[in-house]
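A.B. asks: entry-v5.cif is reproduced in full below (mmCIF, N, CA and C atoms and all ligand atoms).
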data_coords
loop_
_atom_site.label_atom_id
_atom_site.label_comp_id
_atom_site.auth_asym_id
_atom_site.auth_seq_id
_atom_site.Cartn_x
_atom_site.Cartn_y
_atom_site.Cartn_z
N MET A 1 29.78 25.61 -9.72
CA MET A 1 30.19 24.42 -10.46
C MET A 1 29.00 23.83 -11.20
N PHE A 2 29.27 23.40 -12.39
CA PHE A 2 28.19 22.84 -13.20
C PHE A 2 27.58 21.62 -12.53
N ARG A 3 28.46 20.73 -12.04
CA ARG A 3 27.93 19.50 -11.47
C ARG A 3 27.05 19.79 -10.26
N ARG A 4 27.52 20.71 -9.45
CA ARG A 4 26.76 21.03 -8.25
C ARG A 4 25.41 21.63 -8.61
N ASN A 5 25.43 22.51 -9.61
CA ASN A 5 24.17 23.11 -10.04
C ASN A 5 23.20 22.06 -10.55
N ARG A 6 23.78 21.11 -11.29
CA ARG A 6 22.93 20.05 -11.79
C ARG A 6 22.34 19.26 -10.63
N ALA A 7 23.18 18.96 -9.67
CA ALA A 7 22.70 18.19 -8.53
C ALA A 7 21.62 18.96 -7.78
N ASP A 8 21.83 20.25 -7.60
CA ASP A 8 20.84 21.06 -6.91
C ASP A 8 19.52 21.06 -7.66
N ARG A 9 19.64 21.20 -8.96
CA ARG A 9 18.42 21.26 -9.76
C ARG A 9 17.68 19.93 -9.69
N GLU A 10 18.46 18.85 -9.80
CA GLU A 10 17.82 17.55 -9.71
C GLU A 10 17.13 17.37 -8.36
N PHE A 11 17.81 17.84 -7.32
CA PHE A 11 17.23 17.65 -6.00
C PHE A 11 15.95 18.47 -5.86
N ARG A 12 15.98 19.71 -6.35
CA ARG A 12 14.78 20.53 -6.26
C ARG A 12 13.63 19.90 -7.04
N GLU A 13 13.96 19.40 -8.22
CA GLU A 13 12.91 18.80 -9.03
C GLU A 13 12.37 17.54 -8.39
N ALA A 14 13.26 16.79 -7.79
CA ALA A 14 12.80 15.57 -7.11
C ALA A 14 11.92 15.95 -5.93
N GLN A 15 12.33 16.99 -5.22
CA GLN A 15 11.52 17.43 -4.08
C GLN A 15 10.16 17.89 -4.57
N ARG A 16 10.19 18.65 -5.67
CA ARG A 16 8.94 19.16 -6.20
C ARG A 16 8.00 18.00 -6.53
N ALA A 17 8.55 16.95 -7.01
CA ALA A 17 7.73 15.78 -7.36
C ALA A 17 7.34 14.99 -6.12
N GLY A 18 7.77 15.44 -4.97
CA GLY A 18 7.42 14.73 -3.75
C GLY A 18 8.15 13.41 -3.61
N GLN A 19 9.31 13.33 -4.21
CA GLN A 19 10.03 12.07 -4.20
C GLN A 19 11.37 12.24 -3.53
N ALA A 20 11.86 11.19 -2.95
CA ALA A 20 13.17 11.21 -2.32
C ALA A 20 14.18 10.56 -3.24
N VAL A 21 15.33 11.17 -3.35
CA VAL A 21 16.41 10.54 -4.09
C VAL A 21 17.33 9.90 -3.07
N LEU A 22 17.43 8.62 -3.13
CA LEU A 22 18.18 7.90 -2.12
C LEU A 22 19.27 7.08 -2.76
N ALA A 23 20.39 7.05 -2.12
CA ALA A 23 21.47 6.18 -2.56
C ALA A 23 21.49 4.95 -1.68
N MET A 24 21.93 3.86 -2.23
CA MET A 24 21.96 2.64 -1.45
C MET A 24 23.39 2.17 -1.25
N HIS A 25 23.70 1.82 -0.04
CA HIS A 25 25.00 1.21 0.22
C HIS A 25 24.89 -0.30 0.13
N THR A 26 25.93 -0.88 -0.37
CA THR A 26 25.98 -2.34 -0.30
C THR A 26 26.23 -2.73 1.14
N GLU A 27 25.84 -3.93 1.48
CA GLU A 27 26.04 -4.42 2.82
C GLU A 27 26.91 -5.64 2.76
N LEU A 28 27.21 -6.19 3.89
CA LEU A 28 27.98 -7.41 3.90
C LEU A 28 27.30 -8.42 2.98
N PRO A 29 28.07 -9.15 2.21
CA PRO A 29 27.46 -10.12 1.28
C PRO A 29 26.80 -11.25 2.04
N LEU A 30 25.52 -11.16 2.20
CA LEU A 30 24.78 -12.20 2.89
C LEU A 30 24.11 -13.08 1.85
N PRO A 31 23.82 -14.31 2.23
CA PRO A 31 23.31 -15.28 1.25
C PRO A 31 22.07 -14.81 0.52
N ASP A 32 21.18 -14.13 1.22
CA ASP A 32 19.92 -13.77 0.56
C ASP A 32 19.90 -12.31 0.12
N ALA A 33 21.06 -11.66 0.15
CA ALA A 33 21.10 -10.28 -0.30
C ALA A 33 21.02 -10.23 -1.82
N PRO A 34 20.37 -9.22 -2.35
CA PRO A 34 20.30 -9.12 -3.82
C PRO A 34 21.67 -8.81 -4.39
N GLY A 35 22.00 -9.42 -5.47
CA GLY A 35 23.28 -9.15 -6.11
C GLY A 35 23.23 -7.83 -6.85
N PRO A 36 24.35 -7.45 -7.43
CA PRO A 36 24.36 -6.21 -8.22
C PRO A 36 23.34 -6.29 -9.34
N VAL A 37 22.70 -5.18 -9.57
CA VAL A 37 21.65 -5.14 -10.59
C VAL A 37 22.07 -4.17 -11.67
N ALA A 38 21.71 -4.47 -12.88
CA ALA A 38 22.10 -3.62 -13.99
C ALA A 38 21.54 -2.21 -13.83
N ALA A 39 22.24 -1.26 -14.38
CA ALA A 39 21.86 0.13 -14.21
C ALA A 39 20.48 0.41 -14.80
N SER A 40 20.04 -0.38 -15.69
CA SER A 40 18.76 -0.12 -16.34
C SER A 40 17.61 -0.26 -15.35
N ALA A 41 17.91 -0.80 -14.15
CA ALA A 41 16.85 -0.93 -13.16
C ALA A 41 16.47 0.43 -12.59
N ALA A 42 17.35 1.38 -12.67
CA ALA A 42 17.07 2.63 -11.99
C ALA A 42 16.20 3.64 -12.72
N PRO A 43 16.03 4.18 -13.28
CA PRO A 43 15.72 5.39 -13.98
C PRO A 43 14.62 6.16 -14.04
N ALA A 44 14.13 6.73 -14.12
CA ALA A 44 13.82 8.02 -13.77
C ALA A 44 13.16 8.88 -14.70
N ALA A 45 12.47 8.25 -15.59
CA ALA A 45 11.76 9.04 -16.59
C ALA A 45 10.88 10.07 -15.92
N THR A 46 10.33 9.77 -14.80
CA THR A 46 9.40 10.70 -14.16
C THR A 46 10.12 11.77 -13.34
N VAL A 47 11.41 11.66 -13.19
CA VAL A 47 12.09 12.62 -12.33
C VAL A 47 12.78 13.70 -13.14
N VAL A 48 13.84 13.37 -13.80
CA VAL A 48 14.60 14.37 -14.54
C VAL A 48 15.00 13.79 -15.88
N PRO A 49 14.68 14.46 -16.96
CA PRO A 49 14.98 13.92 -18.29
C PRO A 49 16.46 13.64 -18.50
N ASP A 50 17.32 14.51 -17.99
CA ASP A 50 18.74 14.33 -18.27
C ASP A 50 19.47 13.68 -17.10
N PHE A 51 18.77 12.95 -16.30
CA PHE A 51 19.39 12.23 -15.19
C PHE A 51 20.51 11.34 -15.71
N LEU A 52 21.70 11.51 -15.17
CA LEU A 52 22.83 10.74 -15.66
C LEU A 52 22.72 9.29 -15.21
N PRO A 53 23.21 8.38 -16.04
CA PRO A 53 23.24 6.99 -15.58
C PRO A 53 24.06 6.88 -14.30
N PRO A 54 23.69 5.96 -13.43
CA PRO A 54 24.39 5.85 -12.14
C PRO A 54 25.89 5.73 -12.30
N ASP A 55 26.34 5.06 -13.36
CA ASP A 55 27.78 4.85 -13.53
C ASP A 55 28.54 6.15 -13.68
N PHE A 56 27.87 7.22 -14.09
CA PHE A 56 28.56 8.47 -14.33
C PHE A 56 28.45 9.43 -13.16
N ARG A 57 27.79 8.99 -12.13
CA ARG A 57 27.58 9.88 -11.00
C ARG A 57 28.44 9.45 -9.83
N ALA A 58 29.25 10.36 -9.35
CA ALA A 58 30.00 10.09 -8.13
C ALA A 58 29.15 10.56 -6.97
N PRO A 59 28.71 9.66 -6.12
CA PRO A 59 27.80 10.06 -5.06
C PRO A 59 28.47 10.95 -4.02
N SER A 60 27.76 11.93 -3.58
CA SER A 60 28.21 12.70 -2.44
C SER A 60 26.99 13.00 -1.58
N ARG A 61 27.25 13.33 -0.36
CA ARG A 61 26.16 13.54 0.58
C ARG A 61 25.22 14.65 0.14
N GLN A 62 25.77 15.62 -0.63
CA GLN A 62 24.93 16.74 -1.04
C GLN A 62 24.01 16.38 -2.20
N ASP A 63 24.30 15.28 -2.85
CA ASP A 63 23.55 14.94 -4.05
C ASP A 63 22.23 14.23 -3.77
N VAL A 64 22.09 13.72 -2.58
CA VAL A 64 20.96 12.82 -2.34
C VAL A 64 20.20 13.22 -1.08
N SER A 65 19.00 12.73 -0.97
CA SER A 65 18.20 12.96 0.23
C SER A 65 18.69 12.13 1.38
N GLY A 66 19.28 11.00 1.05
CA GLY A 66 19.76 10.15 2.12
C GLY A 66 20.34 8.86 1.57
N PHE A 67 20.84 8.07 2.48
CA PHE A 67 21.40 6.77 2.12
C PHE A 67 20.60 5.67 2.81
N MET A 68 20.65 4.49 2.23
CA MET A 68 19.92 3.38 2.83
C MET A 68 20.70 2.10 2.60
N MET A 69 20.55 1.18 3.53
CA MET A 69 21.19 -0.13 3.37
C MET A 69 20.37 -1.18 4.10
N ARG A 70 20.58 -2.42 3.67
CA ARG A 70 19.98 -3.54 4.39
C ARG A 70 20.79 -3.83 5.63
N TRP A 71 20.11 -4.27 6.66
CA TRP A 71 20.78 -4.76 7.86
C TRP A 71 20.03 -6.02 8.28
N ASP A 72 20.51 -7.15 7.78
CA ASP A 72 19.75 -8.39 7.97
C ASP A 72 19.97 -9.03 9.34
N LEU A 73 21.10 -8.73 9.93
CA LEU A 73 21.41 -9.35 11.22
C LEU A 73 20.75 -8.59 12.35
N PRO A 74 20.64 -9.21 13.53
CA PRO A 74 20.16 -8.44 14.68
C PRO A 74 21.00 -7.17 14.86
N LEU A 75 20.35 -6.08 15.17
CA LEU A 75 21.02 -4.79 15.29
C LEU A 75 21.26 -4.48 16.77
N VAL A 76 22.50 -4.43 17.13
CA VAL A 76 22.85 -4.22 18.54
C VAL A 76 23.14 -2.74 18.76
N ILE A 77 22.38 -2.12 19.66
CA ILE A 77 22.57 -0.71 19.99
C ILE A 77 22.80 -0.62 21.49
N ASP A 78 23.90 0.02 21.87
CA ASP A 78 24.23 0.14 23.29
C ASP A 78 24.21 -1.22 23.99
N GLY A 79 24.69 -2.24 23.29
CA GLY A 79 24.84 -3.54 23.93
C GLY A 79 23.58 -4.38 23.97
N GLU A 80 22.48 -3.87 23.40
CA GLU A 80 21.25 -4.66 23.41
C GLU A 80 20.73 -4.84 22.00
N VAL A 81 20.15 -6.00 21.75
CA VAL A 81 19.53 -6.23 20.45
C VAL A 81 18.28 -5.35 20.35
N HIS A 82 18.26 -4.52 19.32
CA HIS A 82 17.14 -3.60 19.16
C HIS A 82 15.95 -4.33 18.52
N ALA A 83 14.78 -4.09 19.05
CA ALA A 83 13.56 -4.69 18.49
C ALA A 83 12.53 -3.60 18.22
N CYS A 84 11.77 -3.80 17.16
CA CYS A 84 10.65 -2.91 16.84
C CYS A 84 9.51 -3.18 17.83
N HIS A 85 8.54 -2.28 17.87
CA HIS A 85 7.39 -2.52 18.75
C HIS A 85 6.59 -3.74 18.32
N CYS A 86 6.81 -4.19 17.07
CA CYS A 86 6.12 -5.40 16.61
C CYS A 86 6.97 -6.65 16.85
N ASP A 87 8.07 -6.48 17.57
CA ASP A 87 8.97 -7.58 17.95
C ASP A 87 9.96 -7.99 16.88
N ALA A 88 9.91 -7.38 15.70
CA ALA A 88 10.93 -7.67 14.69
C ALA A 88 12.28 -7.20 15.22
N TYR A 89 13.32 -7.98 14.97
CA TYR A 89 14.64 -7.58 15.46
C TYR A 89 15.73 -7.76 14.41
N ARG A 90 15.36 -8.15 13.21
CA ARG A 90 16.36 -8.24 12.14
C ARG A 90 15.70 -7.91 10.81
N ASN A 91 16.48 -7.99 9.73
CA ASN A 91 15.99 -7.61 8.41
C ASN A 91 15.51 -6.17 8.36
N TRP A 92 16.34 -5.28 8.90
CA TRP A 92 16.03 -3.85 8.88
C TRP A 92 16.46 -3.21 7.56
N ILE A 93 15.86 -2.08 7.28
CA ILE A 93 16.46 -1.11 6.36
C ILE A 93 16.90 0.05 7.23
N VAL A 94 18.16 0.46 7.06
CA VAL A 94 18.69 1.58 7.83
C VAL A 94 18.84 2.78 6.90
N PHE A 95 18.27 3.91 7.29
CA PHE A 95 18.36 5.15 6.53
C PHE A 95 19.26 6.14 7.25
N ASN A 96 20.04 6.85 6.46
CA ASN A 96 20.83 7.96 7.01
C ASN A 96 20.51 9.17 6.15
N MET A 97 19.77 10.11 6.73
CA MET A 97 19.25 11.22 5.93
C MET A 97 20.21 12.40 5.93
N ARG A 98 19.90 13.37 5.07
CA ARG A 98 20.78 14.54 4.92
C ARG A 98 20.95 15.31 6.23
N ASP A 99 19.97 15.24 7.09
CA ASP A 99 20.07 15.97 8.36
C ASP A 99 20.83 15.16 9.41
N ASP A 100 21.49 14.08 9.00
CA ASP A 100 22.29 13.21 9.87
C ASP A 100 21.45 12.28 10.74
N SER A 101 20.14 12.33 10.59
CA SER A 101 19.33 11.41 11.39
C SER A 101 19.43 10.00 10.81
N VAL A 102 19.26 9.04 11.69
CA VAL A 102 19.23 7.63 11.29
C VAL A 102 17.85 7.07 11.62
N TRP A 103 17.26 6.42 10.63
CA TRP A 103 15.93 5.83 10.78
C TRP A 103 16.01 4.35 10.51
N LEU A 104 15.18 3.60 11.22
CA LEU A 104 15.11 2.16 11.03
C LEU A 104 13.73 1.80 10.52
N ARG A 105 13.71 0.88 9.56
CA ARG A 105 12.45 0.37 9.03
C ARG A 105 12.45 -1.15 9.19
N CYS A 106 11.47 -1.66 9.91
CA CYS A 106 11.41 -3.10 10.15
C CYS A 106 10.74 -3.77 8.96
N PRO A 107 10.76 -5.10 8.91
CA PRO A 107 10.16 -5.80 7.76
C PRO A 107 8.68 -5.52 7.59
N ALA A 108 8.00 -5.12 8.66
CA ALA A 108 6.58 -4.80 8.57
C ALA A 108 6.33 -3.37 8.12
N GLY A 109 7.41 -2.60 7.92
CA GLY A 109 7.26 -1.25 7.41
C GLY A 109 7.17 -0.16 8.47
N HIS A 110 7.37 -0.50 9.73
CA HIS A 110 7.38 0.53 10.78
C HIS A 110 8.68 1.30 10.71
N GLU A 111 8.58 2.62 10.66
CA GLU A 111 9.77 3.46 10.55
C GLU A 111 9.89 4.35 11.77
N THR A 112 11.04 4.29 12.42
CA THR A 112 11.26 5.11 13.60
C THR A 112 12.66 5.69 13.56
N GLU A 113 12.79 6.91 14.06
CA GLU A 113 14.11 7.51 14.16
C GLU A 113 14.85 6.86 15.32
N GLU A 114 16.13 6.57 15.08
CA GLU A 114 16.95 5.96 16.14
C GLU A 114 18.03 6.98 16.52
N THR A 115 17.78 7.69 17.61
CA THR A 115 18.67 8.81 17.96
C THR A 115 20.00 8.35 18.54
N ARG A 116 20.10 7.07 18.88
CA ARG A 116 21.39 6.58 19.40
C ARG A 116 22.37 6.28 18.27
N LEU A 117 21.89 6.30 17.04
CA LEU A 117 22.76 6.09 15.89
C LEU A 117 22.86 7.40 15.11
N ASP A 118 23.99 7.57 14.43
CA ASP A 118 24.19 8.82 13.68
C ASP A 118 24.97 8.52 12.39
N THR A 119 25.30 9.60 11.69
CA THR A 119 25.99 9.45 10.41
C THR A 119 27.33 8.75 10.59
N ALA A 120 28.05 9.07 11.66
CA ALA A 120 29.36 8.44 11.88
C ALA A 120 29.19 6.92 12.01
N TRP A 121 28.18 6.52 12.75
CA TRP A 121 27.90 5.09 12.89
C TRP A 121 27.57 4.50 11.53
N TYR A 122 26.72 5.20 10.79
CA TYR A 122 26.30 4.69 9.48
C TYR A 122 27.51 4.52 8.57
N ASN A 123 28.37 5.52 8.53
CA ASN A 123 29.53 5.46 7.64
C ASN A 123 30.48 4.32 8.03
N ARG A 124 30.58 4.06 9.31
CA ARG A 124 31.45 2.96 9.74
C ARG A 124 30.89 1.60 9.32
N ASN A 125 29.59 1.52 9.13
CA ASN A 125 28.95 0.24 8.93
C ASN A 125 28.41 0.01 7.52
N SER A 126 28.60 0.97 6.64
CA SER A 126 28.06 0.83 5.30
C SER A 126 29.18 0.63 4.29
N GLY A 127 28.85 -0.02 3.21
CA GLY A 127 29.80 -0.20 2.11
C GLY A 127 29.68 0.94 1.12
N PRO A 128 30.34 0.80 -0.04
CA PRO A 128 30.28 1.85 -1.04
C PRO A 128 28.88 1.95 -1.66
N VAL A 129 28.53 3.15 -2.06
CA VAL A 129 27.25 3.33 -2.76
C VAL A 129 27.33 2.66 -4.12
N ASP A 130 26.34 1.85 -4.44
CA ASP A 130 26.35 1.23 -5.76
C ASP A 130 25.09 1.49 -6.57
N HIS A 131 24.13 2.20 -6.01
CA HIS A 131 22.92 2.50 -6.76
C HIS A 131 22.33 3.83 -6.34
N PHE A 132 21.69 4.48 -7.32
CA PHE A 132 20.81 5.60 -6.98
C PHE A 132 19.39 5.20 -7.32
N HIS A 133 18.47 5.67 -6.50
CA HIS A 133 17.08 5.34 -6.72
C HIS A 133 16.27 6.63 -6.81
N PRO A 134 15.41 6.72 -7.81
CA PRO A 134 14.63 7.95 -7.97
C PRO A 134 13.59 8.14 -6.88
N THR A 135 13.16 7.05 -6.28
CA THR A 135 12.15 7.16 -5.23
C THR A 135 12.51 6.25 -4.07
N LEU A 136 11.94 6.57 -2.94
CA LEU A 136 12.11 5.71 -1.77
C LEU A 136 11.59 4.30 -2.06
N GLU A 137 10.44 4.23 -2.72
CA GLU A 137 9.85 2.93 -3.00
C GLU A 137 10.77 2.08 -3.87
N ASP A 138 11.40 2.74 -4.83
CA ASP A 138 12.32 2.02 -5.71
C ASP A 138 13.48 1.44 -4.90
N GLY A 139 14.00 2.24 -3.98
CA GLY A 139 15.10 1.76 -3.16
C GLY A 139 14.69 0.61 -2.26
N LEU A 140 13.51 0.74 -1.67
CA LEU A 140 13.03 -0.34 -0.79
C LEU A 140 12.83 -1.62 -1.57
N HIS A 141 12.28 -1.48 -2.77
CA HIS A 141 12.05 -2.67 -3.59
C HIS A 141 13.38 -3.33 -3.91
N HIS A 142 14.37 -2.51 -4.26
CA HIS A 142 15.68 -3.05 -4.59
C HIS A 142 16.27 -3.81 -3.39
N LEU A 143 15.99 -3.31 -2.21
CA LEU A 143 16.54 -3.94 -1.01
C LEU A 143 15.68 -5.09 -0.50
N GLY A 144 14.63 -5.40 -1.22
CA GLY A 144 13.84 -6.56 -0.87
C GLY A 144 12.71 -6.28 0.10
N HIS A 145 12.37 -5.00 0.30
CA HIS A 145 11.24 -4.68 1.19
C HIS A 145 10.03 -4.20 0.39
ZN ZN B 201 7.79 -3.28 13.27
#
Would you put the structure from the file into structure tokens?
C.D. replies:
Amino acid sequence: MFRRNRADREFREAQRAGQAVLAMHTELPLPDAPGPVAASAAPAATVVPDFLPPDFRAPSRQDVSGFMMRWDLPLVIDGEVHACHCDAYRNWIVFNMRDDSVWLRCPAGHETEETRLDTAWYNRNSGPVDHFHPTLEDGLHHLGH
């Protein structure tokens, strides 16, 4: 399929550039969450010249390195509020990568894999994808980290 080939090529090129292509899920509308941002915020001159505008791309798990979303509330895992080793317990970024792993990033930037969470959990708790980001940093910036 043409689309699949394009996605594969984009992914290889992004990998070659040492960059992650991440999609972002919207989260529950919280007061301090960033609102929708115009598509011009994304792009990608350094990644792929013919990168389609986000509006024309239907996201699928195969197209991206992973998904990410904000999680501003305390994160309860197995009945306990999860805390980072630095004592942060809210304002997380949650990642769900292509290998089904789930990673948590605290406001101080500590990133750890959380093996008690998985893709099924992520899908139950995430909204629709509304942005693609050419780099991890771009996604984090968009999410306020
Ligand atoms: Zn931390």
A.B. asks: Which residues, written as a list in words, have at least one atom at most 8 Å from region 73-83 of chain A, with only N, CA and C atoms counted and residues fewer than 6 positions away on the same chain left out?
C.D. replies: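 Near region 73-83 of chain A, the qualifying residues are Tyr89, Arg90, Asn91, Trp92, Arg116 and Leu117 of chain A.
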A.B. asks: Hey, which of A:Arg98, A:His25, A:His141, A:Arg105 ends up closest to ligand ZN 201 (chain B)? Count only N, CA and C atoms and all ligand atoms.
C.D. replies: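 Going through A:Arg98, A:His25, A:His141, A:Arg105 one by one, the smallest distance to ligand ZN 201 (chain B) is for A:Arg105.
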A.B. asks: Pick out the residues no farther than 6 Å from ligand ZN 201 (chain B), counting only N, CA and C atoms and all ligand atoms, and list them as an mmCIF file with N, CA and C atoms, in the frame of the given file.
C.D. replies:
data_model
loop_
_atom_site.group_PDB
_atom_site.id
_atom_site.type_symbol
_atom_site.label_atom_id
_atom_site.label_comp_id
_atom_site.auth_asym_id
_atom_site.auth_seq_id
_atom_site.Cartn_x
_atom_site.Cartn_y
_atom_site.Cartn_z
ATOM 1 N N CYS A 84 11.770 -3.800 17.160
ATOM 2 C CA CYS A 84 10.650 -2.910 16.840
ATOM 3 C C CYS A 84 9.510 -3.180 17.830
ATOM 4 N N HIS A 85 8.540 -2.280 17.870
ATOM 5 C CA HIS A 85 7.390 -2.520 18.750
ATOM 6 C C HIS A 85 6.590 -3.740 18.320
ATOM 7 N N CYS A 86 6.810 -4.190 17.070
ATOM 8 C CA CYS A 86 6.120 -5.400 16.610
ATOM 9 C C CYS A 86 6.970 -6.650 16.850
ATOM 10 N N ASP A 87 8.070 -6.480 17.570
ATOM 11 C CA ASP A 87 8.970 -7.580 17.950
ATOM 12 C C ASP A 87 9.960 -7.990 16.880
ATOM 13 N N ALA A 88 9.910 -7.380 15.700
ATOM 14 C CA ALA A 88 10.930 -7.670 14.690
ATOM 15 C C ALA A 88 12.280 -7.200 15.220
ATOM 16 N N CYS A 106 11.470 -1.660 9.910
ATOM 17 C CA CYS A 106 11.410 -3.100 10.150
ATOM 18 C C CYS A 106 10.740 -3.770 8.960
ATOM 19 N N PRO A 107 10.760 -5.100 8.910
ATOM 20 C CA PRO A 107 10.160 -5.800 7.760
ATOM 21 C C PRO A 107 8.680 -5.520 7.590
ATOM 22 N N ALA A 108 8.000 -5.120 8.660
ATOM 23 C CA ALA A 108 6.580 -4.800 8.570
ATOM 24 C C ALA A 108 6.330 -3.370 8.120
ATOM 25 N N GLY A 109 7.410 -2.600 7.920
ATOM 26 C CA GLY A 109 7.260 -1.250 7.410
ATOM 27 C C GLY A 109 7.170 -0.160 8.470
ATOM 28 N N HIS A 110 7.370 -0.500 9.730
ATOM 29 C CA HIS A 110 7.380 0.530 10.780
ATOM 30 C C HIS A 110 8.680 1.300 10.710
#
A.B. asks: Between region 68-105 of chain A and region 119-138 of chain A, at 10 Å or less, what are the per-residue closest atom pairs and their distances in Å? Count only C-alpha atoms, order by chain and rising residue number, and return it as CSV.
C.D. replies:
residue,atom,partner,partner_atom,distance
A:Met68,CA,A:Ser126,CA,8.9
A:Met69,CA,A:Ser126,CA,7.2
A:Arg70,CA,A:Ser126,CA,9.2
A:Trp71,CA,A:Ser126,CA,9.5
A:Val94,CA,A:Tyr122,CA,8.4
A:Phe95,CA,A:Tyr122,CA,8.5
A:Asn96,CA,A:Thr119,CA,6.4
A:Met97,CA,A:Thr119,CA,8.3
A:Arg98,CA,A:Thr119,CA,9.1
A:Asp99,CA,A:Thr119,CA,9.0
A:Asp100,CA,A:Thr119,CA,5.3
A:Ser101,CA,A:Thr119,CA,7.0
A:Val102,CA,A:Thr119,CA,7.1
A.B. asks: Report, in Å with one decimal, the straight-line distance from CA of Gly144 (chain A) to atom C of Thr115 (chain A).
C.D. replies: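 Calculated distance between CA of Gly144 (chain A) and atom C of Thr115 (chain A) is 25.2 Å.
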A.B. asks: Grab the atom N of Asp63 (chain A) to CA of Leu140 (chain A) distance for me, in Å with one decimal place.
C.D. replies: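 About the pair atom N of Asp63 (chain A) and CA of Leu140 (chain A): they are 19.4 Å apart.
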A.B. asks: By how many Å are CA of His142 (chain A) and atom C of Glu113 (chain A) apart?
C.D. replies: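 CA of His142 (chain A) sits 22.3 Å away from atom C of Glu113 (chain A).
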